[in-house]
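Asks: Input file: entry13.pdb. Contents: PDB, C-alpha atoms and all ligand atoms.
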```pdb
ATOM      1  CA  MET A   8     101.778  94.872  87.612
ATOM      2  CA  TYR A   9     100.042  97.189  85.220
ATOM      3  CA  GLY A  10     100.656  96.417  81.567
ATOM      4  CA  LEU A  11     102.610  99.598  80.994
ATOM      5  CA  ILE A  12     105.479  98.087  83.021
ATOM      6  CA  ASN A  13     105.553  95.005  80.775
ATOM      7  CA  GLU A  14     105.221  97.236  77.708
ATOM      8  CA  ALA A  15     108.230  99.176  78.993
ATOM      9  CA  VAL A  16     110.219  95.918  79.356
ATOM     10  CA  LYS A  17     109.271  95.212  75.729
ATOM     11  CA  GLY A  18     110.354  98.745  74.710
ATOM     12  CA  PHE A  19     113.646  98.264  76.523
ATOM     13  CA  VAL A  20     114.397  94.977  74.719
ATOM     14  CA  LEU A  21     113.338  96.393  71.320
ATOM     15  CA  HIS A  22     115.416  99.543  71.856
ATOM     16  CA  HIS A  23     118.632  97.701  72.750
ATOM     17  CA  HIS A  24     118.299  94.354  70.947
ATOM     18  CA  GLY A  25     115.562  94.495  68.289
ATOM     19  CA  PRO A  26     112.381  92.529  67.453
ATOM     20  CA  ALA A  27     113.907  89.045  66.989
ATOM     21  CA  VAL A  28     115.312  89.076  70.537
ATOM     22  CA  TRP A  29     111.956  90.324  71.897
ATOM     23  CA  THR A  30     110.176  87.397  70.182
ATOM     24  CA  THR A  31     112.605  84.939  71.807
ATOM     25  CA  ILE A  32     112.257  86.567  75.232
ATOM     26  CA  HIS A  33     108.461  86.822  75.440
ATOM     27  CA  THR A  34     108.094  83.293  74.027
ATOM     28  CA  LYS A  35     110.582  81.905  76.552
ATOM     29  CA  ALA A  36     108.714  83.760  79.337
ATOM     30  CA  GLY A  37     105.341  82.394  78.214
ATOM     31  CA  ALA A  38     104.171  86.005  77.983
ATOM     32  CA  PRO A  39     102.072  87.698  75.288
ATOM     33  CA  GLU A  40     103.718  89.719  72.536
ATOM     34  CA  SER A  41     102.127  92.960  73.772
ATOM     35  CA  PHE A  42     100.202  94.238  76.805
ATOM     36  CA  ALA A  43      97.260  96.559  77.507
ATOM     37  CA  ALA A  44      98.937  99.432  79.373
ATOM     38  CA  MET A  45      96.013 100.110  81.706
ATOM     39  CA  SER A  46      95.233  96.487  82.624
ATOM     40  CA  PRO A  47      96.773  94.710  85.596
ATOM     41  CA  TYR A  48      98.783  91.523  84.933
ATOM     42  CA  ASP A  49     100.119  88.909  87.310
ATOM     43  CA  ASP A  50     103.536  89.942  88.677
ATOM     44  CA  ALA A  51     104.872  86.543  87.538
ATOM     45  CA  ILE A  52     104.702  87.792  83.927
ATOM     46  CA  THR A  53     107.063  90.683  84.680
ATOM     47  CA  TYR A  54     109.462  88.459  86.650
ATOM     48  CA  ASN A  55     109.409  85.831  83.867
ATOM     49  CA  LEU A  56     110.185  88.479  81.248
ATOM     50  CA  VAL A  57     113.145  89.777  83.256
ATOM     51  CA  GLY A  58     114.306  86.183  83.869
ATOM     52  CA  ALA A  59     114.072  85.312  80.166
ATOM     53  CA  ALA A  60     115.902  88.535  79.242
ATOM     54  CA  SER A  61     118.645  87.655  81.715
ATOM     55  CA  GLU A  62     119.078  84.196  80.143
ATOM     56  CA  GLU A  63     118.874  85.379  76.560
ATOM     57  CA  LEU A  64     121.239  88.344  77.034
ATOM     58  CA  HIS A  65     123.611  86.415  79.324
ATOM     59  CA  LEU A  66     123.354  89.085  82.004
ATOM     60  CA  PRO A  67     122.511  88.693  85.695
ATOM     61  CA  MET A  68     118.901  89.605  86.606
ATOM     62  CA  GLU A  69     120.248  92.510  88.700
ATOM     63  CA  GLN A  70     121.975  93.999  85.671
ATOM     64  CA  VAL A  71     118.828  93.667  83.528
ATOM     65  CA  LEU A  72     116.708  95.364  86.218
ATOM     66  CA  LYS A  73     119.237  98.166  86.660
ATOM     67  CA  ALA A  74     119.466  98.845  82.925
ATOM     68  CA  PHE A  75     115.660  98.666  82.691
ATOM     69  CA  GLY A  76     115.387 101.241  85.516
ATOM     70  CA  GLU A  77     117.596 103.634  83.565
ATOM     71  CA  TYR A  78     115.542 103.060  80.409
ATOM     72  CA  TRP A  79     112.315 103.636  82.409
ATOM     73  CA  VAL A  80     113.315 107.149  83.516
ATOM     74  CA  THR A  81     114.474 108.408  80.142
ATOM     75  CA  ASN A  82     112.202 106.615  77.717
ATOM     76  CA  VAL A  83     109.002 106.218  79.728
ATOM     77  CA  ALA A  84     108.748 108.576  82.721
ATOM     78  CA  VAL A  85     110.290 111.691  81.141
ATOM     79  CA  ALA A  86     109.008 110.938  77.634
ATOM     80  CA  HIS A  87     105.382 110.082  78.550
ATOM     81  CA  TYR A  88     104.789 111.445  82.058
ATOM     82  CA  GLY A  89     106.735 114.705  81.729
ATOM     83  CA  THR A  90     104.136 116.857  83.497
ATOM     84  CA  ILE A  91     103.929 114.543  86.515
ATOM     85  CA  MET A  92     107.719 114.360  86.613
ATOM     86  CA  SER A  93     108.251 118.126  86.501
ATOM     87  CA  ARG A  94     105.540 118.716  89.144
ATOM     88  CA  SER A  95     107.245 116.253  91.487
ATOM     89  CA  GLY A  96     110.422 118.253  91.977
ATOM     90  CA  GLN A  97     112.910 120.551  90.301
ATOM     91  CA  ASN A  98     116.023 118.838  91.640
ATOM     92  CA  PHE A  99     117.135 115.327  92.588
ATOM     93  CA  VAL A 100     116.601 115.636  96.356
ATOM     94  CA  ASP A 101     113.145 117.269  96.152
ATOM     95  CA  PHE A 102     112.095 114.704  93.584
ATOM     96  CA  VAL A 103     113.050 111.634  95.605
ATOM     97  CA  ARG A 104     111.456 113.172  98.693
ATOM     98  CA  ASN A 105     108.228 113.404  96.683
ATOM     99  CA  LEU A 106     108.214 109.863  95.265
ATOM    100  CA  ASP A 107     105.382 108.671  97.530
ATOM    101  CA  HIS A 108     103.237 111.700  96.681
ATOM    102  CA  MET A 109     103.878 111.135  93.006
ATOM    103  CA  HIS A 110     102.839 107.475  93.160
ATOM    104  CA  GLN A 111      99.781 108.506  95.235
ATOM    105  CA  ARG A 112      98.746 111.163  92.724
ATOM    106  CA  ILE A 113      98.733 108.669  89.853
ATOM    107  CA  ARG A 114      96.527 106.246  91.808
ATOM    108  CA  VAL A 115      93.595 107.789  89.882
ATOM    109  CA  THR A 116      95.118 106.349  86.726
ATOM    110  CA  PHE A 117      96.134 103.003  88.283
ATOM    111  CA  PRO A 118      93.400 102.365  90.894
ATOM    112  CA  ASN A 119      94.411  98.778  91.742
ATOM    113  CA  TYR A 120      98.144  99.193  91.904
ATOM    114  CA  THR A 121     100.591  98.513  94.742
ATOM    115  CA  PRO A 122     103.290 101.154  94.385
ATOM    116  CA  PRO A 123     106.482 101.098  96.436
ATOM    117  CA  SER A 124     107.159 103.568  99.253
ATOM    118  CA  PHE A 125     110.344 105.488 100.057
ATOM    119  CA  ARG A 126     111.539 107.116 103.277
ATOM    120  CA  VAL A 127     114.244 109.682 102.585
ATOM    121  CA  CYS A 128     116.640 111.069 105.175
ATOM    122  CA  GLU A 129     119.296 113.714 104.403
ATOM    123  CA  VAL A 130     122.361 112.417 106.260
ATOM    124  CA  ALA A 131     124.765 115.037 104.832
ATOM    125  CA  PRO A 132     124.453 117.745 102.140
ATOM    126  CA  ASP A 133     125.492 115.218  99.466
ATOM    127  CA  LEU A 134     124.234 111.992 101.057
ATOM    128  CA  LEU A 135     120.736 110.535 101.334
ATOM    129  CA  GLN A 136     119.614 107.442 103.182
ATOM    130  CA  ILE A 137     116.696 105.996 101.230
ATOM    131  CA  ASP A 138     114.584 103.180 102.678
ATOM    132  CA  TYR A 139     112.650 101.308 100.002
ATOM    133  CA  TYR A 140     109.471  99.502 101.049
ATOM    134  CA  SER A 141     107.786  97.085  98.661
ATOM    135  CA  GLU A 142     105.385  94.176  98.748
ATOM    136  CA  ARG A 143     107.565  92.596  96.053
ATOM    137  CA  VAL A 144     110.956  90.934  96.240
ATOM    138  CA  GLY A 145     114.109  91.379  94.188
ATOM    139  CA  LEU A 146     113.416  94.794  92.662
ATOM    140  CA  LEU A 147     116.105  96.758  94.514
ATOM    141  CA  PRO A 148     118.398  96.891  91.417
ATOM    142  CA  LEU A 149     115.467  98.499  89.558
ATOM    143  CA  VAL A 150     115.384 101.261  92.176
ATOM    144  CA  GLU A 151     119.166 101.692  91.858
ATOM    145  CA  GLY A 152     118.913 102.093  88.072
ATOM    146  CA  ILE A 153     116.055 104.582  88.408
ATOM    147  CA  LEU A 154     117.953 106.684  90.968
ATOM    148  CA  VAL A 155     121.109 106.855  88.835
ATOM    149  CA  ALA A 156     119.065 107.930  85.791
ATOM    150  CA  LEU A 157     117.084 110.462  87.853
ATOM    151  CA  GLY A 158     120.411 111.949  88.931
ATOM    152  CA  ARG A 159     121.452 112.277  85.298
ATOM    153  CA  HIS A 160     118.064 113.840  84.480
ATOM    154  CA  PHE A 161     118.613 116.509  87.156
ATOM    155  CA  GLY A 162     122.299 117.050  86.240
ATOM    156  CA  GLU A 163     123.722 115.219  89.255
ATOM    157  CA  ASP A 164     126.168 112.353  89.467
ATOM    158  CA  VAL A 165     124.487 109.714  91.640
ATOM    159  CA  THR A 166     126.111 106.634  93.171
ATOM    160  CA  VAL A 167     124.107 104.072  95.111
ATOM    161  CA  GLU A 168     125.326 101.685  97.775
ATOM    162  CA  SER A 169     123.061  99.001  99.169
ATOM    163  CA  ILE A 170     123.490  98.173 102.825
ATOM    164  CA  GLU A 171     120.720  95.609 102.633
ATOM    165  CA  SER A 172     122.951  92.717 103.639
ATOM    166  CA  GLN A 173     123.731  94.160 107.064
ATOM    167  CA  PRO A 174     121.862  92.288 109.797
ATOM    168  CA  GLN A 175     119.676  95.171 110.910
ATOM    169  CA  GLY A 176     116.346  93.396 110.694
ATOM    170  CA  LEU A 177     114.860  96.254 108.685
ATOM    171  CA  PRO A 178     111.445  95.816 107.048
ATOM    172  CA  CYS A 179     112.850  97.613 103.992
ATOM    173  CA  SER A 180     115.936  97.817 101.782
ATOM    174  CA  ARG A 181     118.296 100.613 102.761
ATOM    175  CA  LEU A 182     120.330 102.556 100.222
ATOM    176  CA  MET A 183     122.999 105.182 100.785
ATOM    177  CA  VAL A 184     122.795 107.565  97.849
ATOM    178  CA  ARG A 185     125.572 110.060  97.155
ATOM    179  CA  HIS A 186     124.750 112.884  94.739
ATOM    180  CA  ARG A 187     127.051 115.561  93.322
ATOM    181  CA  LYS A 188     126.430 118.392  90.868
TER
HETATM  182  C1  LIG B 201     105.748 109.347  86.263
HETATM  183  C2  LIG B 201     106.477 108.275  86.299
HETATM  184  C3  LIG B 201     106.038 106.978  86.958
HETATM  185  C4  LIG B 201     104.902 106.244  86.753
HETATM  186  C5  LIG B 201     103.763 106.539  85.781
HETATM  187  C6  LIG B 201     104.994 105.084  87.629
HETATM  188  C7  LIG B 201     104.035 104.084  87.685
HETATM  189  C8  LIG B 201     104.227 102.871  88.267
HETATM  190  C9  LIG B 201     103.364 101.724  88.096
HETATM  191  C10 LIG B 201     102.084 101.684  87.271
HETATM  192  C11 LIG B 201     103.921 100.695  88.783
HETATM  193  C12 LIG B 201     103.394  99.246  88.864
HETATM  194  C13 LIG B 201     102.771  98.927  90.191
HETATM  195  C14 LIG B 201     101.599  97.960  90.049
HETATM  196  O1  LIG B 201     101.063  97.806  88.933
HETATM  197  O2  LIG B 201     101.169  97.397  91.083
HETATM  198  C15 LIG B 201     105.144 101.199  89.394
HETATM  199  C16 LIG B 201     105.998 100.439  90.133
HETATM  200  C17 LIG B 201     107.200 100.887  90.617
HETATM  201  N1  LIG B 201     107.660 102.183  90.621
HETATM  202 FE1  LIG B 201     106.795 103.748  89.696
HETATM  203  N2  LIG B 201     106.141 105.142  88.353
HETATM  204  C18 LIG B 201     106.821 106.270  87.966
HETATM  205  C19 LIG B 201     108.032 106.709  88.430
HETATM  206  C20 LIG B 201     108.801 106.045  89.355
HETATM  207  C21 LIG B 201     110.023 106.556  89.895
HETATM  208  C22 LIG B 201     110.677 107.895  89.529
HETATM  209  C23 LIG B 201     110.494 105.619  90.774
HETATM  210  C24 LIG B 201     111.739 105.818  91.576
HETATM  211  C25 LIG B 201     112.359 104.948  92.312
HETATM  212  C26 LIG B 201     109.566 104.498  90.736
HETATM  213  C27 LIG B 201     109.696 103.291  91.412
HETATM  214  C28 LIG B 201     108.902 102.189  91.204
HETATM  215  C29 LIG B 201     109.249 100.832  91.617
HETATM  216  C30 LIG B 201     110.529 100.391  92.310
HETATM  217  C31 LIG B 201     108.187 100.004  91.233
HETATM  218  C32 LIG B 201     108.090  98.464  91.346
HETATM  219  C33 LIG B 201     107.059  98.004  92.308
HETATM  220  C34 LIG B 201     107.593  97.706  93.684
HETATM  221  O3  LIG B 201     108.747  98.079  94.015
HETATM  222  O4  LIG B 201     106.836  97.111  94.486
HETATM  223  N3  LIG B 201     108.537 104.821  89.897
HETATM  224  N4  LIG B 201     105.281 102.534  89.078
END
```
Please express what this file holds, its structure, as C-alpha cells.

Replies:
Amino acid sequence: MYGLINEAVKGFVLHHHGPAVWTTIHTKAGAPESFAAMSPYDDAITYNLVGAASEELHLPMEQVLKAFGEYWVTNVAVAHYGTIMSRSGQNFVDFVRNLDHMHQRIRVTFPNYTPPSFRVCEVAPDLLQIDYYSERVGLLPLVEGILVALGRHFGEDVTVESIESQPQGLPCSRLMVRHRK
C-alpha cells in the first residue's frame, strides 16, 4: 500500500501511545521508522505493523484496525484531504454512495493503487447494506471503524453489523449499517 497508509499507522501509534511505543512496534514489524507517502510499499509491511501493534498494545488485530479506521477519518482524511471529502458528499448516505468515485478521482495521485470498492443499497430510510470488495484480506474492521467515524463526522450515530459469517458464498463482505441523526 502507498506509504501514506503506513505513515498514518505511525501517526495513530504516536498520537495514542507516543514515540517509544512506535519504536518498539516498527522494530518488531521489521519496518522502517518512516515512509515516503507517495511510494508504494509491500502490503506485508502494513500487516506486520498492525500485527506488531496488536501484540505490543495487547489488543486484538480487529480492535487495532477499527481504532485506526476512526483515526484515519478524523486525523488524515478530514485533516489533509478536506476538499476531496467535502466534494464527495454532504451527508453520510451520499458520501458512502460516492466512495468508489472518490477513490477513482484520487487515482491521479496514486496511479498504481488497488482501492477497495463498495456497493451500497438503501434497505430502509435508516439502514444501508454495504458490500465491501477488496483484493486484500482481513481489513473489514478497518471499514467498520471508518464508517463509524464518518457517521460522527456527518453528525449521525452509526452502528455496523457484519453478516460476513453467513454462508452466502458472496465475493465480498456484507455489512448492515444503521445510521441515525
Ligand atoms: C480522502 C480520503 C481518502 C484517501 C486519500 C484514501 C486513499 C487510499 C489509499 C492511498 C489506499 C491504499 C491503497 C493502495 O495503496 O493500494 C486506500 C485504501 C483503502 N481505503 Fe481509502 N482513502 C480515503 C478515504 C477512504 C474512505 C472514506 C474509506 C471508507 C470506507 C476508505 C476505505 C479504504 C479501505 C478499506 C482501504 C484498504 C484497501 C483495501 O480494502 O483493499 N478510504 N485508500

Asks: Report as JSON lines: every residue of stretch 59-129 of chain A with an atom at most 8 Å from stretch 14-34 of chain A, its closest pair of atoms, and their distance in Å to one decimal, counting all atoms listed in the file, with rows sorted by chain and ascending residue number.

Replies:
```
{"residue": "A:Ala59", "atom": "CA", "partner": "A:Ile32", "partner_atom": "CA", "distance": 5.4}
{"residue": "A:Ala60", "atom": "CA", "partner": "A:Ile32", "partner_atom": "CA", "distance": 5.8}
{"residue": "A:Glu63", "atom": "CA", "partner": "A:Ile32", "partner_atom": "CA", "distance": 6.9}
{"residue": "A:Phe75", "atom": "CA", "partner": "A:Phe19", "partner_atom": "CA", "distance": 6.5}
{"residue": "A:Tyr78", "atom": "CA", "partner": "A:Phe19", "partner_atom": "CA", "distance": 6.5}
{"residue": "A:Trp79", "atom": "CA", "partner": "A:Ala15", "partner_atom": "CA", "distance": 6.9}
{"residue": "A:Val83", "atom": "CA", "partner": "A:Ala15", "partner_atom": "CA", "distance": 7.1}
```

Asks: Quick check on the file I pasted: which residues fall under the PyMOL selection byres (((chain A and resi 76) around 12) and not hetatm)? Write them as a PDB file with C-alpha atoms, in the coordinates of the input.

Replies:
```pdb
ATOM      1  CA  ILE A  12     105.479  98.087  83.021  1.00  0.00           C
ATOM      2  CA  ALA A  15     108.230  99.176  78.993  1.00  0.00           C
ATOM      3  CA  VAL A  16     110.219  95.918  79.356  1.00  0.00           C
ATOM      4  CA  PHE A  19     113.646  98.264  76.523  1.00  0.00           C
ATOM      5  CA  VAL A  57     113.145  89.777  83.256  1.00  0.00           C
ATOM      6  CA  GLU A  69     120.248  92.510  88.700  1.00  0.00           C
ATOM      7  CA  GLN A  70     121.975  93.999  85.671  1.00  0.00           C
ATOM      8  CA  VAL A  71     118.828  93.667  83.528  1.00  0.00           C
ATOM      9  CA  LEU A  72     116.708  95.364  86.218  1.00  0.00           C
ATOM     10  CA  LYS A  73     119.237  98.166  86.660  1.00  0.00           C
ATOM     11  CA  ALA A  74     119.466  98.845  82.925  1.00  0.00           C
ATOM     12  CA  PHE A  75     115.660  98.666  82.691  1.00  0.00           C
ATOM     13  CA  GLU A  77     117.596 103.634  83.565  1.00  0.00           C
ATOM     14  CA  TYR A  78     115.542 103.060  80.409  1.00  0.00           C
ATOM     15  CA  TRP A  79     112.315 103.636  82.409  1.00  0.00           C
ATOM     16  CA  VAL A  80     113.315 107.149  83.516  1.00  0.00           C
ATOM     17  CA  THR A  81     114.474 108.408  80.142  1.00  0.00           C
ATOM     18  CA  ASN A  82     112.202 106.615  77.717  1.00  0.00           C
ATOM     19  CA  VAL A  83     109.002 106.218  79.728  1.00  0.00           C
ATOM     20  CA  ALA A  84     108.748 108.576  82.721  1.00  0.00           C
ATOM     21  CA  LEU A 146     113.416  94.794  92.662  1.00  0.00           C
ATOM     22  CA  LEU A 147     116.105  96.758  94.514  1.00  0.00           C
ATOM     23  CA  PRO A 148     118.398  96.891  91.417  1.00  0.00           C
ATOM     24  CA  LEU A 149     115.467  98.499  89.558  1.00  0.00           C
ATOM     25  CA  VAL A 150     115.384 101.261  92.176  1.00  0.00           C
ATOM     26  CA  GLU A 151     119.166 101.692  91.858  1.00  0.00           C
ATOM     27  CA  GLY A 152     118.913 102.093  88.072  1.00  0.00           C
ATOM     28  CA  ILE A 153     116.055 104.582  88.408  1.00  0.00           C
ATOM     29  CA  LEU A 154     117.953 106.684  90.968  1.00  0.00           C
ATOM     30  CA  VAL A 155     121.109 106.855  88.835  1.00  0.00           C
ATOM     31  CA  ALA A 156     119.065 107.930  85.791  1.00  0.00           C
ATOM     32  CA  LEU A 157     117.084 110.462  87.853  1.00  0.00           C
TER      33      LEU A 157
END
```

Asks: Would you mind reading off the distance between atom CA of A:His160 and atom C14 of ligand LIG 201 (chain B), one decimal, in Å?

Replies: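 Straight-line distance from atom CA of A:His160 to atom C14 of ligand LIG 201 (chain B) works out to 23.5 Å.
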
Asks: Please identify all polymer residues within 12 Å of A:Met92, counting only C-alpha atoms, omitting same-chain residues fewer than 2 positions from it, and present them as a ChimeraX atom specification.

Replies: /A:80-81,83-90,94-99,101-103,105-106,108-110,112-113,157,160-161

Asks: Now that the selection is made, can you save its residues with C-alpha atoms as a short mmCIF file (atom, residue, chain, number, x, y, z; two decimals), in the frame of the given file?

Replies:
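result16.cif, written as the output of this step:
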```
data_model
loop_
_atom_site.label_atom_id
_atom_site.label_comp_id
_atom_site.auth_asym_id
_atom_site.auth_seq_id
_atom_site.Cartn_x
_atom_site.Cartn_y
_atom_site.Cartn_z
CA VAL A 80 113.32 107.15 83.52
CA THR A 81 114.47 108.41 80.14
CA VAL A 83 109.00 106.22 79.73
CA ALA A 84 108.75 108.58 82.72
CA VAL A 85 110.29 111.69 81.14
CA ALA A 86 109.01 110.94 77.63
CA HIS A 87 105.38 110.08 78.55
CA TYR A 88 104.79 111.44 82.06
CA GLY A 89 106.74 114.70 81.73
CA THR A 90 104.14 116.86 83.50
CA ARG A 94 105.54 118.72 89.14
CA SER A 95 107.24 116.25 91.49
CA GLY A 96 110.42 118.25 91.98
CA GLN A 97 112.91 120.55 90.30
CA ASN A 98 116.02 118.84 91.64
CA PHE A 99 117.14 115.33 92.59
CA ASP A 101 113.14 117.27 96.15
CA PHE A 102 112.10 114.70 93.58
CA VAL A 103 113.05 111.63 95.60
CA ASN A 105 108.23 113.40 96.68
CA LEU A 106 108.21 109.86 95.26
CA HIS A 108 103.24 111.70 96.68
CA MET A 109 103.88 111.14 93.01
CA HIS A 110 102.84 107.48 93.16
CA ARG A 112 98.75 111.16 92.72
CA ILE A 113 98.73 108.67 89.85
CA LEU A 157 117.08 110.46 87.85
CA HIS A 160 118.06 113.84 84.48
CA PHE A 161 118.61 116.51 87.16
#
```

Asks: Just the residues within 9 Å of stretch 128-145 of chain A, please, counting only C-alpha atoms, with nothing from its chain fewer than 5 positions along; format it as a list in words.

Replies: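 Once the nearby chain positions are removed, what remains is Asp50, Glu69, Val100, Val103, Arg104, Thr121, Pro122, Pro123, Val150, Pro178, Cys179, Ser180, Arg181, Leu182, Met183, Val184, Arg185, His186 and Arg187 of chain A.
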